[in-house]
file structure.cif (mmCIF, C-alpha atoms)
data_coords
loop_
_atom_site.group_PDB
_atom_site.id
_atom_site.type_symbol
_atom_site.label_atom_id
_atom_site.label_comp_id
_atom_site.auth_asym_id
_atom_site.auth_seq_id
_atom_site.Cartn_x
_atom_site.Cartn_y
_atom_site.Cartn_z
ATOM 1 C CA MET A 1 -10.630 14.635 13.847
ATOM 2 C CA ALA A 2 -10.401 11.488 11.722
ATOM 3 C CA TYR A 3 -8.251 8.417 11.236
ATOM 4 C CA LEU A 4 -6.546 7.291 8.035
ATOM 5 C CA VAL A 5 -5.504 3.639 8.117
ATOM 6 C CA LEU A 6 -3.106 2.367 5.445
ATOM 7 C CA ALA A 7 -2.812 -1.425 5.210
ATOM 8 C CA ARG A 8 -0.565 -3.441 2.953
ATOM 9 C CA HIS A 9 -2.107 -6.683 1.726
ATOM 10 C CA GLY A 10 -1.166 -10.038 3.219
ATOM 11 C CA ILE A 11 1.521 -12.253 1.745
ATOM 12 C CA THR A 12 1.217 -14.281 -1.480
ATOM 13 C CA ASP A 13 3.115 -17.230 -2.921
ATOM 14 C CA TRP A 14 4.993 -14.823 -5.198
ATOM 15 C CA ASN A 15 6.074 -12.796 -2.158
ATOM 16 C CA VAL A 16 7.412 -15.988 -0.606
ATOM 17 C CA SER A 17 9.358 -17.001 -3.734
ATOM 18 C CA GLY A 18 10.780 -13.500 -4.243
ATOM 19 C CA LYS A 19 9.007 -12.750 -7.525
ATOM 20 C CA TRP A 20 8.048 -9.222 -8.501
ATOM 21 C CA GLN A 21 4.259 -9.220 -8.743
ATOM 22 C CA GLY A 22 3.552 -5.703 -9.928
ATOM 23 C CA VAL A 23 0.116 -5.664 -11.517
ATOM 24 C CA THR A 24 -0.019 -9.463 -11.922
ATOM 25 C CA ASP A 25 -3.155 -10.553 -10.081
ATOM 26 C CA ILE A 26 -1.805 -13.040 -7.526
ATOM 27 C CA PRO A 27 -4.153 -14.097 -4.671
ATOM 28 C CA LEU A 28 -3.303 -14.323 -0.988
ATOM 29 C CA ASN A 29 -1.994 -17.594 0.374
ATOM 30 C CA ASP A 30 -3.094 -19.056 3.721
ATOM 31 C CA LYS A 31 -0.559 -17.011 5.675
ATOM 32 C CA GLY A 32 -1.679 -13.864 3.839
ATOM 33 C CA ARG A 33 -5.299 -14.461 4.815
ATOM 34 C CA LYS A 34 -4.196 -14.955 8.418
ATOM 35 C CA GLN A 35 -2.245 -11.678 8.293
ATOM 36 C CA ALA A 36 -5.342 -9.923 6.962
ATOM 37 C CA ARG A 37 -7.446 -11.240 9.841
ATOM 38 C CA GLU A 38 -4.760 -9.991 12.233
ATOM 39 C CA ILE A 39 -5.103 -6.513 10.704
ATOM 40 C CA GLY A 40 -8.774 -6.710 11.608
ATOM 41 C CA GLU A 41 -7.816 -7.538 15.199
ATOM 42 C CA LYS A 42 -5.555 -4.472 15.354
ATOM 43 C CA LEU A 43 -8.408 -2.261 14.123
ATOM 44 C CA LYS A 44 -11.015 -3.447 16.632
ATOM 45 C CA ASN A 45 -11.039 -0.024 18.316
ATOM 46 C CA VAL A 46 -11.168 2.055 15.119
ATOM 47 C CA LYS A 47 -14.585 2.675 13.553
ATOM 48 C CA ILE A 48 -14.118 2.461 9.779
ATOM 49 C CA ASP A 49 -16.519 4.588 7.719
ATOM 50 C CA VAL A 50 -15.115 4.308 4.188
ATOM 51 C CA VAL A 51 -12.808 1.802 2.459
ATOM 52 C CA TYR A 52 -10.656 2.109 -0.662
ATOM 53 C CA THR A 53 -8.784 -0.797 -2.269
ATOM 54 C CA SER A 54 -6.832 -1.388 -5.444
ATOM 55 C CA GLU A 55 -8.210 -3.522 -8.271
ATOM 56 C CA LEU A 56 -5.922 -6.446 -7.477
ATOM 57 C CA SER A 57 -7.227 -9.577 -5.765
ATOM 58 C CA ARG A 58 -4.656 -9.626 -2.974
ATOM 59 C CA ALA A 59 -5.804 -6.191 -1.791
ATOM 60 C CA LYS A 60 -9.511 -6.968 -2.131
ATOM 61 C CA GLN A 61 -9.107 -10.336 -0.368
ATOM 62 C CA THR A 62 -7.231 -8.598 2.450
ATOM 63 C CA TYR A 63 -10.136 -6.196 2.862
ATOM 64 C CA GLU A 64 -12.626 -9.091 2.806
ATOM 65 C CA GLU A 65 -10.791 -10.791 5.676
ATOM 66 C CA ILE A 66 -10.637 -7.506 7.621
ATOM 67 C CA CYS A 67 -14.319 -6.932 6.935
ATOM 68 C CA SER A 68 -15.227 -10.421 8.114
ATOM 69 C CA ASN A 69 -13.256 -9.904 11.316
ATOM 70 C CA LEU A 70 -14.744 -6.481 12.086
ATOM 71 C CA GLY A 71 -18.215 -7.034 10.645
ATOM 72 C CA LEU A 72 -17.829 -3.863 8.573
ATOM 73 C CA VAL A 73 -20.787 -2.416 6.711
ATOM 74 C CA CYS A 74 -19.533 0.655 4.847
ATOM 75 C CA PRO A 75 -18.934 1.962 1.318
ATOM 76 C CA VAL A 76 -16.061 0.273 -0.535
ATOM 77 C CA ALA A 77 -14.466 1.855 -3.613
ATOM 78 C CA VAL A 78 -12.069 -0.047 -5.887
ATOM 79 C CA ASP A 79 -9.715 2.084 -7.963
ATOM 80 C CA PRO A 80 -6.691 1.413 -10.229
ATOM 81 C CA ALA A 81 -4.941 4.500 -8.820
ATOM 82 C CA LEU A 82 -4.095 2.328 -5.801
ATOM 83 C CA ASN A 83 -2.691 -0.576 -7.839
ATOM 84 C CA GLU A 84 0.830 -1.825 -7.250
ATOM 85 C CA ARG A 85 3.644 -0.434 -9.341
ATOM 86 C CA ASP A 86 4.044 -1.995 -12.781
ATOM 87 C CA TYR A 87 7.481 -3.615 -12.838
ATOM 88 C CA GLY A 88 7.498 -3.911 -16.630
ATOM 89 C CA ILE A 89 10.095 -6.355 -17.940
ATOM 90 C CA TYR A 90 10.961 -7.403 -14.380
ATOM 91 C CA THR A 91 7.451 -8.665 -13.586
ATOM 92 C CA GLY A 92 7.497 -12.322 -12.579
ATOM 93 C CA LYS A 93 11.290 -12.402 -12.252
ATOM 94 C CA ASN A 94 13.100 -13.346 -9.052
ATOM 95 C CA LYS A 95 14.372 -10.279 -7.200
ATOM 96 C CA TRP A 96 17.499 -11.957 -5.882
ATOM 97 C CA GLU A 97 18.533 -13.192 -9.340
ATOM 98 C CA ILE A 98 18.063 -9.667 -10.691
ATOM 99 C CA GLU A 99 20.185 -8.350 -7.812
ATOM 100 C CA LYS A 100 23.042 -10.602 -8.950
ATOM 101 C CA GLU A 101 22.645 -9.369 -12.539
ATOM 102 C CA LEU A 102 22.439 -5.648 -11.774
ATOM 103 C CA GLY A 103 24.647 -5.323 -8.700
ATOM 104 C CA GLN A 104 23.630 -3.872 -5.344
ATOM 105 C CA GLU A 105 23.439 -0.185 -6.287
ATOM 106 C CA LYS A 106 21.300 -0.574 -9.407
ATOM 107 C CA PHE A 107 19.140 -3.200 -7.716
ATOM 108 C CA THR A 108 18.405 -0.874 -4.801
ATOM 109 C CA GLY A 109 17.547 1.868 -7.285
ATOM 110 C CA LEU A 110 15.192 -0.446 -9.148
ATOM 111 C CA ARG A 111 13.542 -1.873 -6.047
ATOM 112 C CA ARG A 112 13.287 1.169 -3.782
ATOM 113 C CA GLY A 113 14.425 4.242 -5.735
ATOM 114 C CA TRP A 114 12.361 7.278 -6.687
ATOM 115 C CA ASP A 115 12.886 7.597 -10.425
ATOM 116 C CA PHE A 116 15.040 4.628 -11.475
ATOM 117 C CA PRO A 117 13.876 3.780 -15.035
ATOM 118 C CA VAL A 118 11.940 0.533 -15.491
ATOM 119 C CA PRO A 119 11.544 -0.615 -19.121
ATOM 120 C CA GLU A 120 7.821 -0.988 -19.963
ATOM 121 C CA GLY A 121 6.970 -0.260 -16.317
ATOM 122 C CA GLU A 122 6.607 2.478 -13.710
ATOM 123 C CA THR A 123 8.974 4.297 -11.397
ATOM 124 C CA LEU A 124 7.893 5.139 -7.860
ATOM 125 C CA GLN A 125 7.526 8.701 -9.104
ATOM 126 C CA ASP A 126 4.969 7.486 -11.674
ATOM 127 C CA VAL A 127 3.027 5.755 -8.898
ATOM 128 C CA TYR A 128 3.157 8.942 -6.793
ATOM 129 C CA LEU A 129 1.680 10.916 -9.696
ATOM 130 C CA ARG A 130 -1.438 8.718 -9.701
ATOM 131 C CA VAL A 131 -1.792 7.988 -5.980
ATOM 132 C CA VAL A 132 -1.444 11.522 -4.583
ATOM 133 C CA PRO A 133 -4.068 13.156 -6.834
ATOM 134 C CA PHE A 134 -6.431 10.300 -5.928
ATOM 135 C CA TYR A 135 -5.785 10.936 -2.249
ATOM 136 C CA LYS A 136 -6.427 14.666 -2.611
ATOM 137 C CA GLU A 137 -9.579 14.222 -4.698
ATOM 138 C CA LYS A 138 -11.239 11.223 -3.037
ATOM 139 C CA ILE A 139 -9.767 10.399 0.364
ATOM 140 C CA LEU A 140 -8.873 13.768 1.869
ATOM 141 C CA PRO A 141 -12.423 15.198 1.599
ATOM 142 C CA GLU A 142 -13.730 12.185 3.536
ATOM 143 C CA LEU A 143 -11.141 12.766 6.258
ATOM 144 C CA LYS A 144 -11.968 16.475 6.453
ATOM 145 C CA ASN A 145 -15.620 15.470 6.946
ATOM 146 C CA GLY A 146 -14.585 13.442 9.986
ATOM 147 C CA LYS A 147 -14.814 10.027 8.309
ATOM 148 C CA ASN A 148 -12.340 7.308 9.239
ATOM 149 C CA VAL A 149 -10.840 5.853 6.058
ATOM 150 C CA LEU A 150 -9.179 2.476 5.472
ATOM 151 C CA VAL A 151 -6.942 2.094 2.396
ATOM 152 C CA VAL A 152 -5.879 -1.453 1.487
ATOM 153 C CA ALA A 153 -3.192 -1.433 -1.158
ATOM 154 C CA HIS A 154 0.409 -2.374 -1.962
ATOM 155 C CA GLY A 155 3.977 -1.728 -0.932
ATOM 156 C CA ASN A 156 4.700 0.897 -3.556
ATOM 157 C CA SER A 157 1.341 2.629 -3.783
ATOM 158 C CA LEU A 158 1.437 3.027 -0.001
ATOM 159 C CA ARG A 159 5.095 4.117 -0.033
ATOM 160 C CA ALA A 160 4.175 6.814 -2.555
ATOM 161 C CA LEU A 161 1.307 8.044 -0.390
ATOM 162 C CA ILE A 162 3.380 7.982 2.804
ATOM 163 C CA LYS A 163 6.110 9.942 1.000
ATOM 164 C CA TYR A 164 3.535 12.666 0.413
ATOM 165 C CA LEU A 165 1.938 12.505 3.868
ATOM 166 C CA GLU A 166 5.243 12.591 5.748
ATOM 167 C CA ASN A 167 7.140 14.789 3.270
ATOM 168 C CA ILE A 168 9.877 12.183 2.795
ATOM 169 C CA SER A 169 12.625 13.314 0.430
ATOM 170 C CA ASP A 170 13.487 11.591 -2.855
ATOM 171 C CA LYS A 171 16.835 10.666 -1.310
ATOM 172 C CA GLU A 172 15.302 9.111 1.824
ATOM 173 C CA ILE A 173 12.383 7.223 0.254
ATOM 174 C CA PRO A 174 14.499 4.102 -0.535
ATOM 175 C CA ASN A 175 14.725 3.549 3.235
ATOM 176 C CA LEU A 176 10.964 3.120 3.583
ATOM 177 C CA GLU A 177 9.781 -0.473 3.398
ATOM 178 C CA ILE A 178 6.323 -1.733 4.336
ATOM 179 C CA ALA A 179 5.939 -5.395 5.251
ATOM 180 C CA ALA A 180 3.023 -7.572 4.164
ATOM 181 C CA GLY A 181 0.172 -7.115 6.629
ATOM 182 C CA GLU A 182 1.664 -3.948 8.130
ATOM 183 C CA ILE A 183 -0.523 -0.927 8.915
ATOM 184 C CA TYR A 184 -0.046 2.796 9.488
ATOM 185 C CA ILE A 185 -2.657 4.701 11.486
ATOM 186 C CA TYR A 186 -2.725 8.492 11.097
ATOM 187 C CA GLU A 187 -4.814 10.850 13.195
ATOM 188 C CA LEU A 188 -5.741 14.024 11.277
ATOM 189 C CA ASP A 189 -7.394 17.287 12.235
ATOM 190 C CA GLY A 190 -10.304 18.943 10.415
ATOM 191 C CA ASN A 191 -7.921 20.484 7.891
ATOM 192 C CA GLY A 192 -6.348 17.169 6.997
ATOM 193 C CA GLN A 193 -3.123 17.868 8.895
ATOM 194 C CA ILE A 194 -1.465 14.917 10.612
ATOM 195 C CA LEU A 195 -1.589 14.998 14.401
ATOM 196 C CA SER A 196 -0.049 11.598 15.094
ATOM 197 C CA ARG A 197 1.113 8.411 13.429
ATOM 198 C CA LYS A 198 1.313 4.834 14.678
ATOM 199 C CA ARG A 199 2.930 1.951 12.823
ATOM 200 C CA GLU A 200 1.725 -1.596 13.528
ATOM 201 C CA PRO A 201 3.965 -4.422 12.222
#
call {"tool": "encode", "arguments": {"input": "structure.cif", "output": "structure tokens"}}
result
Amino acid sequence: MAYLVLARHGITDWNVSGKWQGVTDIPLNDKGRKQAREIGEKLKNVKIDVVYTSELSRAKQTYEEICSNLGLVCPVAVDPALNERDYGIYTGKNKWEIEKELGQEKFTGLRRGWDFPVPEGETLQDVYLRVVPFYKEKILPELKNGKNVLVVAHGNSLRALIKYLENISDKEIPNLEIAAGEIYIYELDGNGQILSRKREP
């Protein structure tokens, strides 16, 4: 038996202003650092053996705050497979202004859809095609060996992984939203099958 903990990074100034960050390297703000420390509090009773984060500062800073809170001493791997989705031409633009331009249906497709095209960027399907192989190759073997794994990443890289883990359909995936600082805790058996799931807002 092992635990897989998925944590979305704390909030940033771009989150607050409604800008699409994508792969732009925006750091946590004060509230985001506080959220990260709160994640650490929620994980007090889970022994973490291995950590994976994306390359982006907001994910790594979130882990650093968690680590400081828990006093973690364990291997940490940083990998671009866990990076946030590249929003292409929409990067840095205000979501709510784009919603007015595109209309509700297209905006929802762009923001939450599975394969809505993004000029010069990635769809959620593209993110899935890098995150899931990484999970199977790197993370799953650790879990099968009984190691508890913490993954600190982003809204869309985590949505892609949860889609795989919970077998969420392409049609239903737009309904999945993960808030800044939110965590999912999965309990898995020795074959990597999910036994239980807990969501901590």
call {"tool": "closest_residue", "arguments": {"input": "structure.cif", "among": "A:Gly18, A:Asn191, A:Tyr87, A:Ala77", "to": "Asn145 in chain A", "atoms": "only C-alpha atoms"}}
result
A:Asn191
call {"tool": "resolve_selection", "arguments": {"input": "structure.cif", "expression": "the PyMOL selection byres ((chain A and resi 31) around 12)", "output": "PyMOL selection string"}}
result
chain A and resi 9-13+15-16+27-30+32-38+62+65+180-181
call {"tool": "residues_around", "arguments": {"input": "structure.cif", "residues": "range 46-48 of chain A", "least_positions_apart": "2", "cutoff": "7 Å", "atoms": "only C-alpha atoms", "output": "list in words"}}
result
Leu43, Lys44, Val50, Asn148, Val149 and Leu150 of chain A
call {"tool": "closest_residue", "arguments": {"input": "structure.cif", "among": "A:Trp114, A:Tyr128, A:Tyr52, A:Tyr63", "to": "Pro174 in chain A", "atoms": "all atoms listed in the file"}}
result
A:Trp114
call {"tool": "resolve_selection", "arguments": {"input": "structure.cif", "expression": "the PyMOL selection byres ((chain A and resi 118-125) around 10)", "output": "PyMOL selection string"}}
result
chain A and resi 22-23+84-91+109-117+126-131+156-157+159-160+170+173-174
call {"tool": "atom_distance", "arguments": {"input": "structure.cif", "atom1": "CA of Glu41 in chain A", "atom2": "CA of Lys60 in chain A"}}
result
17.4 Å
call {"tool": "closest_residue", "arguments": {"input": "structure.cif", "among": "A:Asp189, A:Trp96, A:Gly40, A:Trp14", "to": "Gly71 in chain A", "atoms": "all atoms listed in the file"}}
result
A:Gly40
call {"tool": "residues_around", "arguments": {"input": "structure.cif", "residues": "Ala179 in chain A", "least_positions_apart": "4", "cutoff": "8 Å", "atoms": "only C-alpha atoms", "output": "PyMOL selection string"}}
result
chain A and resi 8+155+201
call {"tool": "axis_aligned_box", "arguments": {"input": "structure.cif", "around": "range 117-121 of chain A", "padding_each_side": "6 Å", "output": "lines of an AutoDock Vina configuration file"}}
result
center_x = 10.4
center_y = 1.4
center_z = -17.5
size_x = 18.9
size_y = 16.8
size_z = 16.9
call {"tool": "resolve_selection", "arguments": {"input": "structure.cif", "expression": "the PyMOL selection byres ((chain A and resi 74) around 8)", "output": "list of chain:residue names"}}
result
A:Ile48, A:Asp49, A:Val50, A:Val51, A:Leu72, A:Val73, A:Pro75, A:Val76
call {"tool": "atom_distance", "arguments": {"input": "structure.cif", "atom1": "CA of Glu55 in chain A", "atom2": "CA of Leu158 in chain A"}}
result
14.3 Å
call {"tool": "atom_distance", "arguments": {"input": "structure.cif", "atom1": "CA of Glu101 in chain A", "atom2": "CA of Glu177 in chain A"}}
result
22.3 Å
call {"tool": "residues_near_point", "arguments": {"input": "structure.cif", "point": "(-0.1, 3.7, 12.2)", "cutoff": "7 Å", "atoms": "only C-alpha atoms", "output": "number ranges by chain"}}
result
A: 5, 183-186, 197-200
call {"tool": "closest_residue", "arguments": {"input": "structure.cif", "among": "A:Ile139, A:Leu176, A:Val132, A:Leu161", "to": "Ala2 in chain A", "atoms": "all atoms listed in the file"}}
result
A:Ile139
call {"tool": "closest_residue", "arguments": {"input": "structure.cif", "among": "A:Ser68, A:Gln193, A:Ser54, A:Trp20", "to": "His154 in chain A", "atoms": "all atoms listed in the file"}}
result
A:Ser54
call {"tool": "closest_residue", "arguments": {"input": "structure.cif", "among": "A:Lys144, A:Lys42, A:Met1, A:Ala81", "to": "Glu182 in chain A", "atoms": "all atoms listed in the file"}}
result
A:Lys42
call {"tool": "closest_atom_pairs", "arguments": {"input": "structure.cif", "of": "range 14-120 of chain A", "to": "range 133-136 of chain A", "cutoff": "10 Å", "atoms": "all atoms listed in the file", "output": "tab-separated table"}}
result
residue	atom	partner	partner_atom	distance
A:Asp79	CA	A:Phe134	CA	9.1
A:Pro80	CA	A:Phe134	CA	9.9
A:Ala81	CA	A:Phe134	CA	6.7
A:Leu82	CA	A:Phe134	CA	8.3
call {"tool": "build_atoms", "arguments": {"input": "structure.cif", "residues": "range 130-162 of chain A", "atoms": "N, CA and C atoms", "output": "mmCIF file, in the coordinates of the input"}}
result
data_model
loop_
_atom_site.group_PDB
_atom_site.id
_atom_site.type_symbol
_atom_site.label_atom_id
_atom_site.label_comp_id
_atom_site.auth_asym_id
_atom_site.auth_seq_id
_atom_site.Cartn_x
_atom_site.Cartn_y
_atom_site.Cartn_z
ATOM 1 N N ARG A 130 -0.037 9.165 -9.616
ATOM 2 C CA ARG A 130 -1.438 8.718 -9.701
ATOM 3 C C ARG A 130 -2.077 8.579 -8.318
ATOM 4 N N VAL A 131 -1.251 8.213 -7.323
ATOM 5 C CA VAL A 131 -1.792 7.988 -5.980
ATOM 6 C C VAL A 131 -2.132 9.302 -5.275
ATOM 7 N N VAL A 132 -1.236 10.284 -5.333
ATOM 8 C CA VAL A 132 -1.444 11.522 -4.583
ATOM 9 C C VAL A 132 -2.657 12.311 -5.082
ATOM 10 N N PRO A 133 -2.842 12.489 -6.395
ATOM 11 C CA PRO A 133 -4.068 13.156 -6.834
ATOM 12 C C PRO A 133 -5.337 12.419 -6.400
ATOM 13 N N PHE A 134 -5.287 11.078 -6.397
ATOM 14 C CA PHE A 134 -6.431 10.300 -5.928
ATOM 15 C C PHE A 134 -6.699 10.576 -4.459
ATOM 16 N N TYR A 135 -5.645 10.624 -3.672
ATOM 17 C CA TYR A 135 -5.785 10.936 -2.249
ATOM 18 C C TYR A 135 -6.428 12.309 -2.056
ATOM 19 N N LYS A 136 -5.925 13.298 -2.768
ATOM 20 C CA LYS A 136 -6.427 14.666 -2.611
ATOM 21 C C LYS A 136 -7.883 14.793 -3.054
ATOM 22 N N GLU A 137 -8.235 14.096 -4.130
ATOM 23 C CA GLU A 137 -9.579 14.222 -4.698
ATOM 24 C C GLU A 137 -10.621 13.384 -3.969
ATOM 25 N N LYS A 138 -10.254 12.161 -3.581
ATOM 26 C CA LYS A 138 -11.239 11.223 -3.037
ATOM 27 C C LYS A 138 -11.138 11.019 -1.520
ATOM 28 N N ILE A 139 -9.936 10.803 -1.031
ATOM 29 C CA ILE A 139 -9.767 10.399 0.364
ATOM 30 C C ILE A 139 -9.761 11.589 1.317
ATOM 31 N N LEU A 140 -9.007 12.618 0.980
ATOM 32 C CA LEU A 140 -8.873 13.768 1.869
ATOM 33 C C LEU A 140 -10.217 14.427 2.206
ATOM 34 N N PRO A 141 -11.129 14.616 1.245
ATOM 35 C CA PRO A 141 -12.423 15.198 1.599
ATOM 36 C C PRO A 141 -13.192 14.375 2.630
ATOM 37 N N GLU A 142 -13.078 13.043 2.542
ATOM 38 C CA GLU A 142 -13.730 12.185 3.536
ATOM 39 C C GLU A 142 -13.132 12.434 4.922
ATOM 40 N N LEU A 143 -11.817 12.528 4.984
ATOM 41 C CA LEU A 143 -11.141 12.766 6.258
ATOM 42 C C LEU A 143 -11.524 14.126 6.838
ATOM 43 N N LYS A 144 -11.592 15.141 5.988
ATOM 44 C CA LYS A 144 -11.968 16.475 6.453
ATOM 45 C C LYS A 144 -13.401 16.515 6.969
ATOM 46 N N ASN A 145 -14.235 15.585 6.474
ATOM 47 C CA ASN A 145 -15.620 15.470 6.946
ATOM 48 C C ASN A 145 -15.735 14.599 8.195
ATOM 49 N N GLY A 146 -14.569 14.220 8.754
ATOM 50 C CA GLY A 146 -14.585 13.442 9.986
ATOM 51 C C GLY A 146 -14.765 11.956 9.806
ATOM 52 N N LYS A 147 -14.667 11.460 8.566
ATOM 53 C CA LYS A 147 -14.814 10.027 8.309
ATOM 54 C C LYS A 147 -13.479 9.314 8.506
ATOM 55 N N ASN A 148 -13.534 8.145 9.108
ATOM 56 C CA ASN A 148 -12.340 7.308 9.239
ATOM 57 C C ASN A 148 -12.206 6.443 7.990
ATOM 58 N N VAL A 149 -11.041 6.494 7.358
ATOM 59 C CA VAL A 149 -10.840 5.853 6.058
ATOM 60 C C VAL A 149 -9.788 4.755 6.154
ATOM 61 N N LEU A 150 -10.115 3.584 5.595
ATOM 62 C CA LEU A 150 -9.179 2.476 5.472
ATOM 63 C C LEU A 150 -8.779 2.339 4.006
ATOM 64 N N VAL A 151 -7.472 2.322 3.744
ATOM 65 C CA VAL A 151 -6.942 2.094 2.396
ATOM 66 C C VAL A 151 -6.161 0.791 2.413
ATOM 67 N N VAL A 152 -6.579 -0.175 1.586
ATOM 68 C CA VAL A 152 -5.879 -1.453 1.487
ATOM 69 C C VAL A 152 -5.221 -1.515 0.121
ATOM 70 N N ALA A 153 -3.893 -1.512 0.119
ATOM 71 C CA ALA A 153 -3.192 -1.433 -1.158
ATOM 72 C C ALA A 153 -1.869 -2.193 -1.088
ATOM 73 N N HIS A 154 -0.819 -1.635 -1.692
ATOM 74 C CA HIS A 154 0.409 -2.374 -1.962
ATOM 75 C C HIS A 154 1.637 -1.617 -1.464
ATOM 76 N N GLY A 155 2.756 -2.325 -1.431
ATOM 77 C CA GLY A 155 3.977 -1.728 -0.932
ATOM 78 C C GLY A 155 4.310 -0.393 -1.560
ATOM 79 N N ASN A 156 4.273 -0.328 -2.893
ATOM 80 C CA ASN A 156 4.700 0.897 -3.556
ATOM 81 C C ASN A 156 3.631 1.969 -3.631
ATOM 82 N N SER A 157 2.376 1.593 -3.785
ATOM 83 C CA SER A 157 1.341 2.629 -3.783
ATOM 84 C C SER A 157 1.236 3.268 -2.401
ATOM 85 N N LEU A 158 1.450 2.470 -1.353
ATOM 86 C CA LEU A 158 1.437 3.027 -0.001
ATOM 87 C C LEU A 158 2.708 3.819 0.294
ATOM 88 N N ARG A 159 3.855 3.353 -0.210
ATOM 89 C CA ARG A 159 5.095 4.117 -0.033
ATOM 90 C C ARG A 159 4.965 5.497 -0.682
ATOM 91 N N ALA A 160 4.358 5.539 -1.860
ATOM 92 C CA ALA A 160 4.175 6.814 -2.555
ATOM 93 C C ALA A 160 3.289 7.752 -1.742
ATOM 94 N N LEU A 161 2.210 7.216 -1.175
ATOM 95 C CA LEU A 161 1.307 8.044 -0.390
ATOM 96 C C LEU A 161 1.967 8.503 0.914
ATOM 97 N N ILE A 162 2.690 7.614 1.564
ATOM 98 C CA ILE A 162 3.380 7.982 2.804
ATOM 99 C C ILE A 162 4.468 9.023 2.525
#
